[in-house]
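S.K.: Next comes protein-v9.cif, mmCIF, C-alpha atoms:
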```cif
data_query
#
loop_
_atom_site.label_atom_id
_atom_site.label_comp_id
_atom_site.auth_asym_id
_atom_site.auth_seq_id
_atom_site.Cartn_x
_atom_site.Cartn_y
_atom_site.Cartn_z
CA MET A 30 -22.15 3.17 -95.45
CA LYS A 31 -23.24 1.31 -92.36
CA LYS A 32 -20.62 -1.37 -93.00
CA TYR A 33 -17.85 1.26 -93.09
CA LEU A 34 -19.01 2.75 -89.80
CA ILE A 35 -19.10 -0.65 -88.09
CA LYS A 36 -15.58 -1.45 -89.31
CA PHE A 37 -14.36 1.95 -88.07
CA PHE A 38 -15.77 1.42 -84.59
CA CYS A 39 -14.30 -2.09 -84.37
CA PHE A 40 -10.89 -0.79 -85.45
CA THR A 41 -11.05 1.93 -82.79
CA ILE A 42 -11.89 -0.58 -80.03
CA VAL A 43 -9.00 -2.84 -81.06
CA LEU A 44 -6.55 0.08 -80.97
CA SER A 45 -7.69 1.17 -77.50
CA LEU A 46 -7.27 -2.37 -76.13
CA ALA A 47 -3.78 -2.54 -77.61
CA PHE A 48 -2.73 0.78 -76.02
CA THR A 49 -4.12 -0.34 -72.62
CA ALA A 50 -2.13 -3.59 -72.72
CA ALA A 51 1.04 -1.71 -73.63
CA ASP A 52 0.64 0.69 -70.69
CA ALA A 53 0.14 -2.21 -68.28
CA GLN A 54 3.33 -3.91 -69.47
CA LYS A 55 5.29 -0.67 -69.04
CA LYS A 56 4.07 -0.30 -65.43
CA ARG A 57 5.02 -3.88 -64.59
CA ALA A 58 8.48 -3.38 -65.99
CA ALA A 59 8.96 -0.18 -63.99
CA THR A 60 7.87 -1.93 -60.80
CA LYS A 61 10.33 -4.79 -61.33
CA ARG A 62 13.17 -2.35 -61.99
CA SER A 63 12.45 -0.42 -58.81
CA ASN A 64 12.37 -3.65 -56.75
CA THR A 65 15.66 -4.83 -58.15
CA THR A 66 17.20 -1.42 -57.48
CA THR A 67 15.98 -1.50 -53.87
CA LYS A 68 17.36 -4.99 -53.33
CA LYS A 69 20.72 -4.00 -54.73
CA THR A 70 21.00 -0.92 -52.53
CA THR A 71 19.99 -2.91 -49.47
CA LYS A 72 22.57 -5.57 -50.16
CA SER A 73 25.21 -2.94 -50.81
CA LYS A 74 24.41 -1.23 -47.53
CA THR A 75 24.55 -4.50 -45.68
CA LYS A 76 27.87 -5.41 -47.24
CA ALA A 77 29.24 -1.98 -46.45
CA GLN A 78 28.39 -2.37 -42.78
CA ILE A 79 30.01 -5.76 -42.35
CA LYS A 80 33.78 -5.58 -42.23
CA SER A 81 35.44 -8.92 -42.59
CA GLY A 82 38.80 -9.08 -40.94
CA GLY A 83 38.48 -5.56 -39.51
CA GLN A 84 39.40 -4.56 -35.98
CA VAL A 85 36.56 -4.72 -33.43
CA ASP A 86 36.36 -1.84 -30.98
CA SER A 87 37.12 -3.04 -27.45
CA VAL A 88 34.06 -1.69 -25.67
CA ALA A 89 33.17 -3.30 -22.35
CA ALA A 90 29.77 -4.98 -22.48
CA VAL A 91 27.30 -3.21 -20.24
CA VAL A 92 25.65 -5.55 -17.77
CA ALA A 93 22.02 -4.60 -17.38
CA ALA A 94 20.92 -4.12 -13.79
CA PRO A 95 18.37 -6.76 -12.83
CA GLN A 96 14.87 -5.79 -11.94
CA ALA A 97 13.98 -5.89 -8.28
CA PRO A 98 12.41 -9.24 -7.48
CA ARG A 99 8.89 -9.33 -6.20
CA VAL A 100 9.00 -9.48 -2.41
CA ASP A 101 6.23 -11.68 -1.06
CA SER A 102 7.33 -11.63 2.57
CA LEU A 103 7.23 -8.93 5.19
CA PRO A 104 10.14 -8.02 7.50
CA ILE A 105 9.02 -10.04 10.50
CA ALA A 106 11.28 -12.49 12.24
CA LYS A 107 10.24 -16.11 12.34
CA VAL A 108 9.75 -17.19 15.94
CA LYS A 109 10.27 -20.84 16.80
CA LYS A 110 7.62 -22.49 18.92
CA SER A 111 8.55 -23.99 22.25
CA LEU A 112 8.73 -27.79 22.21
CA ARG A 113 7.83 -27.95 25.89
CA PRO A 114 5.27 -25.98 27.94
CA ASP A 115 6.91 -22.64 28.64
CA GLU A 116 4.33 -21.69 31.29
CA ALA A 117 3.29 -23.29 34.54
CA VAL A 118 -0.42 -22.74 33.85
CA GLU A 119 -2.62 -23.93 31.03
CA THR A 120 -3.06 -21.17 28.42
CA LYS A 121 -4.32 -23.23 25.49
CA ASP A 122 -7.79 -21.68 25.73
CA ILE A 123 -6.37 -18.26 24.86
CA SER A 124 -5.75 -19.33 21.27
CA ASP A 125 -9.39 -20.45 20.97
CA ARG A 126 -10.96 -17.18 22.14
CA THR A 127 -13.34 -15.33 19.87
CA PRO A 128 -14.72 -11.84 20.49
CA LEU A 129 -18.38 -11.24 21.19
CA ALA A 130 -20.44 -9.85 18.34
CA TYR A 131 -21.20 -6.15 18.38
CA GLU A 132 -24.58 -4.98 19.56
CA HIS A 133 -26.71 -4.02 16.58
CA LEU A 134 -27.33 -0.29 16.26
CA ARG A 135 -30.26 0.88 14.16
CA VAL A 136 -29.68 3.97 12.09
CA ASP A 137 -32.99 5.42 13.29
CA ASP A 138 -31.82 5.17 16.90
CA ALA A 139 -28.48 6.88 16.25
CA VAL A 140 -29.45 10.43 17.14
CA TYR A 141 -25.83 11.61 17.40
CA ARG A 142 -22.92 10.50 15.20
CA HIS A 143 -19.44 11.82 14.51
CA LYS A 144 -16.23 10.36 13.07
CA ILE A 145 -13.05 10.90 15.05
CA TRP A 146 -9.41 10.33 14.04
CA ARG A 147 -6.81 9.83 16.77
CA GLU A 148 -3.04 9.44 16.84
CA ILE A 149 -1.57 6.97 19.34
CA ASP A 150 2.03 7.67 20.34
CA THR A 151 3.47 4.50 21.86
CA ARG A 152 6.21 6.47 23.61
CA GLU A 153 3.64 7.53 26.20
CA LYS A 154 3.70 5.45 29.36
CA ILE A 155 0.12 4.22 29.10
CA ASN A 156 0.82 3.04 25.52
CA LEU A 157 3.99 1.08 26.30
CA PRO A 158 2.26 -2.31 25.74
CA PHE A 159 2.27 -1.44 22.03
CA ARG A 160 6.08 -1.75 22.10
CA TYR A 161 6.40 -4.98 24.08
CA SER A 162 8.96 -6.89 21.98
CA ALA A 163 9.11 -10.34 23.60
CA ASP A 164 8.74 -13.53 21.55
CA GLU A 165 6.03 -16.05 22.34
CA ASN A 166 4.67 -19.09 20.55
CA ASN A 167 2.34 -16.98 18.44
CA GLY A 168 5.18 -14.68 17.32
CA ASN A 169 6.64 -11.36 18.33
CA GLN A 170 4.42 -9.31 20.63
CA ARG A 171 4.98 -5.85 19.16
CA PHE A 172 1.71 -4.41 17.94
CA ILE A 173 3.16 -3.71 14.48
CA SER A 174 4.42 -7.31 14.34
CA ILE A 175 0.92 -8.60 15.09
CA LEU A 176 -0.45 -6.56 12.19
CA LEU A 177 2.29 -7.68 9.81
CA LYS A 178 1.92 -11.34 10.76
CA ALA A 179 -1.83 -11.18 10.07
CA ILE A 180 -1.08 -9.69 6.65
CA GLN A 181 1.67 -12.25 5.96
CA ASP A 182 -0.71 -15.10 6.81
CA SER A 183 -3.41 -13.56 4.56
CA ALA A 184 -5.74 -13.48 7.57
CA VAL A 185 -6.85 -9.92 6.87
CA THR A 186 -7.20 -7.62 3.88
CA VAL A 187 -4.91 -4.61 3.90
CA PHE A 188 -5.83 -1.34 2.17
CA ASP A 189 -3.94 1.42 0.41
CA PRO A 190 -3.27 4.58 2.49
CA ILE A 191 -4.44 6.67 -0.48
CA ASP A 192 -7.60 7.14 1.58
CA ASP A 193 -9.06 5.86 4.85
CA ARG A 194 -12.30 4.49 3.38
CA PHE A 195 -10.83 1.02 2.60
CA THR A 196 -11.24 1.31 -1.17
CA THR A 197 -8.03 -0.17 -2.64
CA PRO A 198 -6.64 -3.54 -1.45
CA LEU A 199 -2.88 -4.08 -1.39
CA THR A 200 -0.70 -7.12 -2.02
CA ILE A 201 2.03 -8.28 0.34
CA SER A 202 4.75 -6.97 -2.00
CA GLN A 203 3.10 -3.54 -2.05
CA VAL A 204 2.93 -3.50 1.75
CA ALA A 205 6.65 -4.33 1.91
CA LYS A 206 7.33 -1.42 -0.45
CA PHE A 207 5.23 1.00 1.61
CA LEU A 208 7.09 -0.07 4.73
CA GLY A 209 10.22 1.40 3.21
CA GLY A 210 11.70 -2.00 2.46
CA GLY A 211 12.52 -3.19 -1.01
CA GLY A 212 16.20 -3.31 -1.86
CA ASP A 213 19.12 -1.93 -3.83
CA THR A 214 21.09 -3.30 -6.79
CA VAL A 215 24.73 -3.60 -5.78
CA PRO A 216 27.41 -4.08 -8.50
CA HIS A 217 29.69 -7.10 -8.23
CA TYR A 218 33.28 -6.77 -9.47
CA ASN A 219 35.44 -9.58 -10.86
CA ASP A 220 39.20 -10.04 -10.48
CA LYS A 221 39.89 -7.48 -13.22
CA GLY A 222 37.89 -4.80 -11.47
CA GLU A 223 35.09 -4.96 -14.00
CA ILE A 224 31.37 -5.22 -13.23
CA ASP A 225 30.24 -8.70 -14.20
CA ARG A 226 26.80 -8.70 -12.54
CA TYR A 227 24.46 -6.90 -10.20
CA ASP A 228 23.23 -8.40 -6.95
CA TYR A 229 19.97 -7.51 -5.24
CA LYS A 230 20.31 -6.68 -1.54
CA ALA A 231 17.20 -6.26 0.57
CA ARG A 232 17.01 -3.34 2.98
CA GLU A 233 16.57 -3.96 6.68
CA ILE A 234 13.63 -2.38 8.46
CA ASN A 235 13.65 -1.45 12.12
CA LEU A 236 10.13 -2.12 13.37
CA ASP A 237 10.80 0.01 16.47
CA SER A 238 10.94 3.03 14.17
CA ILE A 239 7.17 2.68 13.69
CA TYR A 240 5.89 3.96 17.03
CA LYS A 241 2.78 5.89 15.99
CA PHE A 242 -0.62 4.59 14.91
CA LYS A 243 -3.76 6.24 13.65
CA ILE A 244 -7.22 4.97 14.44
CA LYS A 245 -10.45 5.96 12.80
CA GLU A 246 -13.57 5.57 14.90
CA GLU A 247 -17.17 6.67 15.13
CA VAL A 248 -18.99 7.90 18.23
CA ILE A 249 -22.71 7.11 18.31
CA PHE A 250 -25.39 7.87 20.85
CA ASP A 251 -28.11 5.22 20.72
CA LYS A 252 -31.44 6.50 22.02
CA GLU A 253 -32.84 2.99 22.50
CA SER A 254 -30.24 1.99 25.08
CA SER A 255 -29.37 5.59 26.08
CA ARG A 256 -25.67 4.86 25.68
CA LEU A 257 -22.73 6.41 23.92
CA PHE A 258 -20.87 3.88 21.75
CA TRP A 259 -17.33 4.17 20.43
CA ARG A 260 -16.74 1.91 17.43
CA ILE A 261 -13.26 1.69 15.95
CA LEU A 262 -13.29 1.38 12.17
CA GLY A 263 -9.66 1.21 11.11
CA ILE A 264 -6.04 1.19 12.27
CA ALA A 265 -3.00 2.46 10.36
CA PRO A 266 0.68 2.39 11.35
CA VAL A 267 2.51 5.65 10.72
CA ARG A 268 6.14 6.04 9.74
CA ASN A 269 8.42 9.06 9.52
CA VAL A 270 9.48 10.27 6.08
CA TYR A 271 12.95 11.71 5.45
CA SER A 272 14.52 13.20 2.34
CA SER A 273 17.68 11.89 0.68
CA THR A 274 19.67 14.43 2.69
CA GLY A 275 18.16 13.29 5.99
CA ASP A 276 15.71 16.15 6.45
CA TYR A 277 12.46 15.32 8.23
CA LEU A 278 9.48 15.71 5.88
CA GLY A 279 6.61 14.50 8.06
CA VAL A 280 4.64 11.31 8.62
CA THR A 281 2.58 9.09 6.36
CA GLU A 282 0.36 6.07 6.83
CA VAL A 283 1.82 2.72 5.75
CA PHE A 284 -1.50 0.94 5.23
CA TRP A 285 -4.99 0.65 6.71
CA VAL A 286 -6.63 -2.45 8.18
CA TYR A 287 -10.31 -2.77 8.94
CA TYR A 288 -10.60 -3.14 12.71
CA PRO A 289 -13.68 -5.49 12.77
CA ASP A 290 -11.65 -7.89 10.59
CA MET A 291 -8.80 -7.79 13.10
CA ARG A 292 -10.91 -8.39 16.23
CA PRO A 293 -10.70 -12.24 16.07
CA ILE A 294 -6.91 -11.95 15.72
CA PHE A 295 -6.51 -9.39 18.50
CA ALA A 296 -8.52 -11.66 20.84
CA LYS A 297 -5.73 -14.29 20.62
CA TYR A 298 -2.92 -11.94 21.67
CA GLN A 299 -2.39 -10.74 25.23
CA ILE A 300 -1.00 -7.34 26.11
CA TYR A 301 1.88 -6.70 28.44
CA ASN A 302 1.06 -6.05 32.09
CA GLY A 303 4.20 -5.27 34.02
CA LYS A 304 2.42 -5.33 37.39
CA ASN A 305 0.66 -8.68 37.17
CA PHE A 306 0.93 -11.26 34.39
CA GLY A 307 -2.12 -13.01 35.81
CA ALA A 308 -4.28 -10.02 34.89
CA ARG A 309 -3.32 -9.69 31.26
CA MET A 310 -6.08 -8.74 28.83
CA SER A 311 -6.26 -9.27 25.10
CA TRP A 312 -5.71 -6.59 22.50
CA GLU A 313 -9.39 -6.75 21.62
CA GLU A 314 -10.29 -6.00 25.24
CA LEU A 315 -7.79 -3.14 25.34
CA PHE A 316 -9.42 -1.41 22.39
CA GLU A 317 -12.99 -2.08 23.49
CA THR A 318 -12.35 -0.82 27.03
CA ARG A 319 -10.28 2.05 25.57
CA MET A 320 -7.22 1.43 27.71
CA PHE A 321 -5.02 3.61 25.53
CA SER A 322 -4.26 7.27 25.04
CA GLY A 323 -4.64 9.06 21.72
CA ARG A 324 -4.92 12.72 20.80
CA ILE A 325 -7.65 13.79 18.38
CA ILE A 326 -6.19 14.97 15.07
CA LYS A 327 -9.37 15.25 13.00
CA SER A 328 -13.13 15.07 13.34
CA THR A 329 -16.30 15.70 11.37
CA MET A 330 -17.49 18.15 14.02
CA ASP A 331 -17.62 21.73 12.70
CA ASN A 332 -15.34 20.70 9.83
CA PRO A 333 -17.08 21.46 6.50
CA PHE A 334 -13.81 21.37 4.53
CA ASP A 335 -12.72 17.96 5.93
CA LEU A 336 -9.38 19.30 7.16
CA PRO A 337 -7.15 17.82 9.87
CA ILE A 338 -6.67 19.99 12.93
CA ALA A 339 -3.04 20.59 11.93
CA GLN A 340 -4.19 22.18 8.65
CA THR A 341 -7.02 24.27 10.06
CA PRO A 342 -6.48 28.02 9.52
CA GLY A 343 -5.30 29.60 12.74
CA LEU A 344 -3.96 26.33 14.15
CA LYS A 345 -1.28 25.37 11.61
CA ASP A 346 1.75 26.85 13.36
CA ASN A 347 0.71 26.33 16.96
CA GLY A 348 0.95 22.80 18.35
CA VAL A 349 -0.50 23.82 21.72
CA PHE A 350 -3.65 25.16 20.09
CA GLN A 351 -3.99 21.92 18.13
CA LEU A 352 -3.91 19.91 21.36
CA LEU A 353 -6.44 22.23 22.95
CA GLU A 354 -8.73 21.90 19.92
CA GLY A 355 -8.64 18.10 20.30
CA GLU A 356 -9.51 18.42 23.98
CA ARG A 357 -12.35 20.79 23.09
CA ILE A 358 -13.84 18.19 20.73
CA LYS A 359 -13.53 15.52 23.42
CA GLU A 360 -15.21 17.73 26.00
CA LYS A 361 -18.02 18.63 23.59
CA ILE A 362 -18.86 14.96 23.07
CA PHE A 363 -18.76 14.34 26.81
CA ASN A 364 -21.05 17.29 27.53
CA TYR A 365 -23.55 16.14 24.92
CA GLU A 366 -23.95 12.80 26.69
CA GLN A 367 -24.17 14.37 30.15
CA ASP A 368 -26.71 16.98 29.09
CA LEU A 369 -29.16 14.23 28.08
CA TRP A 370 -29.52 13.18 31.72
CA SER A 371 -31.49 14.99 34.38
CA TYR A 372 -30.79 14.59 38.07
#
```
Please express what this file holds, its structure, as structure tokens.

M.R.:
Amino acid sequence: MKKYLIKFFCFTIVLSLAFTAADAQKKRAATKRSNTTTKKTTKSKTKAQIKSGGQVDSVAAVVAAPQAPRVDSLPIAKVKKSLRPDEAVETKDISDRTPLAYEHLRVDDAVYRHKIWREIDTREKINLPFRYSADENNGNQRFISILLKAIQDSAVTVFDPIDDRFTTPLTISQVAKFLGGGGDTVPHYNDKGEIDRYDYKAREINLDSIYKFKIKEEVIFDKESSRLFWRILGIAPVRNVYSSTGDYLGVTEVFWVYYPDMRPIFAKYQIYNGKNFGARMSWEELFETRMFSGRIIKSTMDNPFDLPIAQTPGLKDNGVFQLLEGERIKEKIFNYEQDLWSY
């Protein structure tokens, strides 16, 4: 009896193995058939798309407009240096001048501090040296040209106008774009009147159109020396913004430069003095002696929402009140210093 049972089990195992092998062969055959069917349909589709000897539609090939090249130069004219002395006096020492280091101010001695933002309009008579456009050996003498030449020579780091805290550096190509430069792609037509290529044409920038500047500074009263210090932190040129239809939209900063980085450069440039060229001072001396006029447009004084004066409720639509508010801030700082003295 045991022998019959063993034979039965062996026979059952053999049958199951045979059925498994048969199923595997069927699956392989089905897979091969599906692959051959797919190949045939693909070939048939490919052959159906290709028409040998057929007529080709006469469609003009579209010439892709080229991408704007990366501009690594700013719109400043190259000024040739004089091959002979162009002045009757020796002025070589001017190019070797360096500004004096700032006096150190301890934070514990700064009993009074406020940040002030001003706008300098170079159309005012006292600010006309900012627009002096003569050429000298060190380049054009416009103030905006001095800034652009320092950026072009990589002598200073320039910052994005996204904020005035000097957080995001810019490249030269980005500065050229913010200036409103860049260019346009102009189509070029052949003899048949068809577009065969696109040429890139750079836009021209009028530097005289930038006639406003913003400065950010901090006023500090130092109790150790009993003096009120004005320290400029940054300078930003401002340009007007217009819509595509020519409507005036407002002003925006082009970039920010850190003023302490620019001091060694400003010390090598002299400002225009129409009364006496023998009494010309450097740009660094002009800023340190505050020989310029600028209206206050923002301050940290009584400004918990960090708003410019032009956006302060009650002053938005009245330019006269905005000017008076700036004068009030100036007078408040002056009175604070005077009230510390007793006579």

S.K.: Have a look at A:Glu253, A:Asp237, A:Glu247, A:Glu223 and name the one nearest to Arg171 of chain A; count all atoms listed in the file.

M.R.: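 Of A:Glu253, A:Asp237, A:Glu247, A:Glu223, the one nearest Arg171 of chain A, counting all atoms listed in the file, is A:Asp237.
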
S.K.: Evaluate the PyMOL selection byres ((chain A and resi 185) around 10) and record the selected residues as a PyMOL selection string, following the chain and residue labels used in the document.

M.R.: chain A and resi 176-184+186-188+286-288+290-291+294

S.K.: For the structure provided, state which residues fall under the PyMOL selection byres ((chain A and resi 313) around 9), and present them as a CSV table (one decimal) with C-alpha atoms, keeping the file's coordinate frame.

M.R.:
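Result file is selection-v4.csv:
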```csv
chain,number,residue,atom,x,y,z
A,128,PRO,CA,-14.7,-11.8,20.5
A,291,MET,CA,-8.8,-7.8,13.1
A,292,ARG,CA,-10.9,-8.4,16.2
A,293,PRO,CA,-10.7,-12.2,16.1
A,294,ILE,CA,-6.9,-12.0,15.7
A,295,PHE,CA,-6.5,-9.4,18.5
A,296,ALA,CA,-8.5,-11.7,20.8
A,297,LYS,CA,-5.7,-14.3,20.6
A,298,TYR,CA,-2.9,-11.9,21.7
A,299,GLN,CA,-2.4,-10.7,25.2
A,310,MET,CA,-6.1,-8.7,28.8
A,311,SER,CA,-6.3,-9.3,25.1
A,312,TRP,CA,-5.7,-6.6,22.5
A,314,GLU,CA,-10.3,-6.0,25.2
A,315,LEU,CA,-7.8,-3.1,25.3
A,316,PHE,CA,-9.4,-1.4,22.4
A,317,GLU,CA,-13.0,-2.1,23.5
A,318,THR,CA,-12.4,-0.8,27.0
```

S.K.: Just give me the gap between atom CA of Val349 of chain A and atom CA of Asp150 of chain A in Å, one decimal is fine.

M.R.: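 Atom CA of Asp150 of chain A lies at a distance of 16.4 Å from atom CA of Val349 of chain A.
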
S.K.: Give me the residues near Asp251 of chain A as a PDB file with C-alpha atoms, in the coordinates of the input, where near means some atom within 12 Å (using all atoms listed in the file) and where sequence neighbours in that chain fewer than 5 positions away do not count.

M.R.:
```pdb
ATOM      1  CA  GLU A 132     -24.580  -4.980  19.560  1.00  0.00           C
ATOM      2  CA  HIS A 133     -26.710  -4.020  16.580  1.00  0.00           C
ATOM      3  CA  LEU A 134     -27.330  -0.290  16.260  1.00  0.00           C
ATOM      4  CA  ARG A 135     -30.260   0.880  14.160  1.00  0.00           C
ATOM      5  CA  VAL A 136     -29.680   3.970  12.090  1.00  0.00           C
ATOM      6  CA  ASP A 137     -32.990   5.420  13.290  1.00  0.00           C
ATOM      7  CA  ASP A 138     -31.820   5.170  16.900  1.00  0.00           C
ATOM      8  CA  ALA A 139     -28.480   6.880  16.250  1.00  0.00           C
ATOM      9  CA  VAL A 140     -29.450  10.430  17.140  1.00  0.00           C
ATOM     10  CA  TYR A 141     -25.830  11.610  17.400  1.00  0.00           C
ATOM     11  CA  ARG A 142     -22.920  10.500  15.200  1.00  0.00           C
ATOM     12  CA  ARG A 256     -25.670   4.860  25.680  1.00  0.00           C
ATOM     13  CA  LEU A 257     -22.730   6.410  23.920  1.00  0.00           C
ATOM     14  CA  PHE A 258     -20.870   3.880  21.750  1.00  0.00           C
ATOM     15  CA  TRP A 259     -17.330   4.170  20.430  1.00  0.00           C
ATOM     16  CA  GLU A 366     -23.950  12.800  26.690  1.00  0.00           C
ATOM     17  CA  LEU A 369     -29.160  14.230  28.080  1.00  0.00           C
TER      18      LEU A 369
END
```

S.K.: I need the residue nearest Asp192 of chain A from this list: A:Trp285, A:Tyr301, A:Tyr277, A:Phe321. Use all atoms listed in the file for the distance.

M.R.: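 Once distances to Asp192 of chain A are computed over all atoms listed in the file, the minimum belongs to A:Trp285.
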
S.K.: Go through A:Ser255, A:Lys361, A:Gly279, A:Thr214 and flag the residue nearest Arg226 of chain A, using all atoms listed in the file for the distances.

M.R.: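 For Arg226 of chain A, the nearest of the given residues is A:Thr214.
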
S.K.: Once the PyMOL selection byres ((chain A and resi 323) around 9) is applied to the coordinates I shared, what remains selected? I want it as a list in words.

M.R.: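 So the PyMOL selection byres ((chain A and resi 323) around 9) ends up selecting Arg147, Glu148, Ile149, Asp150, Asn156, Lys243, Ile244, Phe321, Ser322, Arg324 and Ile325 of chain A.
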
S.K.: Provide the atom CA of Asn332 of chain A to atom CA of Thr151 of chain A distance in Å, to one decimal place.

M.R.: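 Interatomic distance, atom CA of Asn332 of chain A to atom CA of Thr151 of chain A: 27.6 Å.
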
S.K.: Can you work out the spacing between atom CA of Leu352 of chain A and atom CA of Ile338 of chain A in Å, to one decimal?

M.R.: 8.9 Å

S.K.: Choose the residue, out of A:Leu103, A:Leu278, A:Leu157, A:Val248, that has the smallest atom-to-atom separation from Ile175 of chain A; count all atoms listed in the file.

M.R.: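 Closest to Ile175 of chain A, using all atoms listed in the file: A:Leu103.
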
S.K.: Go through A:Glu360, A:Asp193, A:Asp225, A:Asp220 one by one, measure the shortest atom-to-atom distance of each to Gly263 of chain A using only C-alpha atoms, and give the residue with the smallest value.

M.R.: A:Asp193

S.K.: Calculated over only C-alpha atoms, which of the candidates A:Asn302, A:Ser102, A:Ser273, A:Asn235 has the smallest distance to Phe159 of chain A?

M.R.: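 For Phe159 of chain A, the nearest of the candidates is A:Asn302.
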
S.K.: Within 10 Å of Lys109 of chain A, counting only C-alpha atoms, which residues qualify if same-chain residues fewer than 6 places away don't, as a PyMOL selection string?

M.R.: chain A and resi 164-168
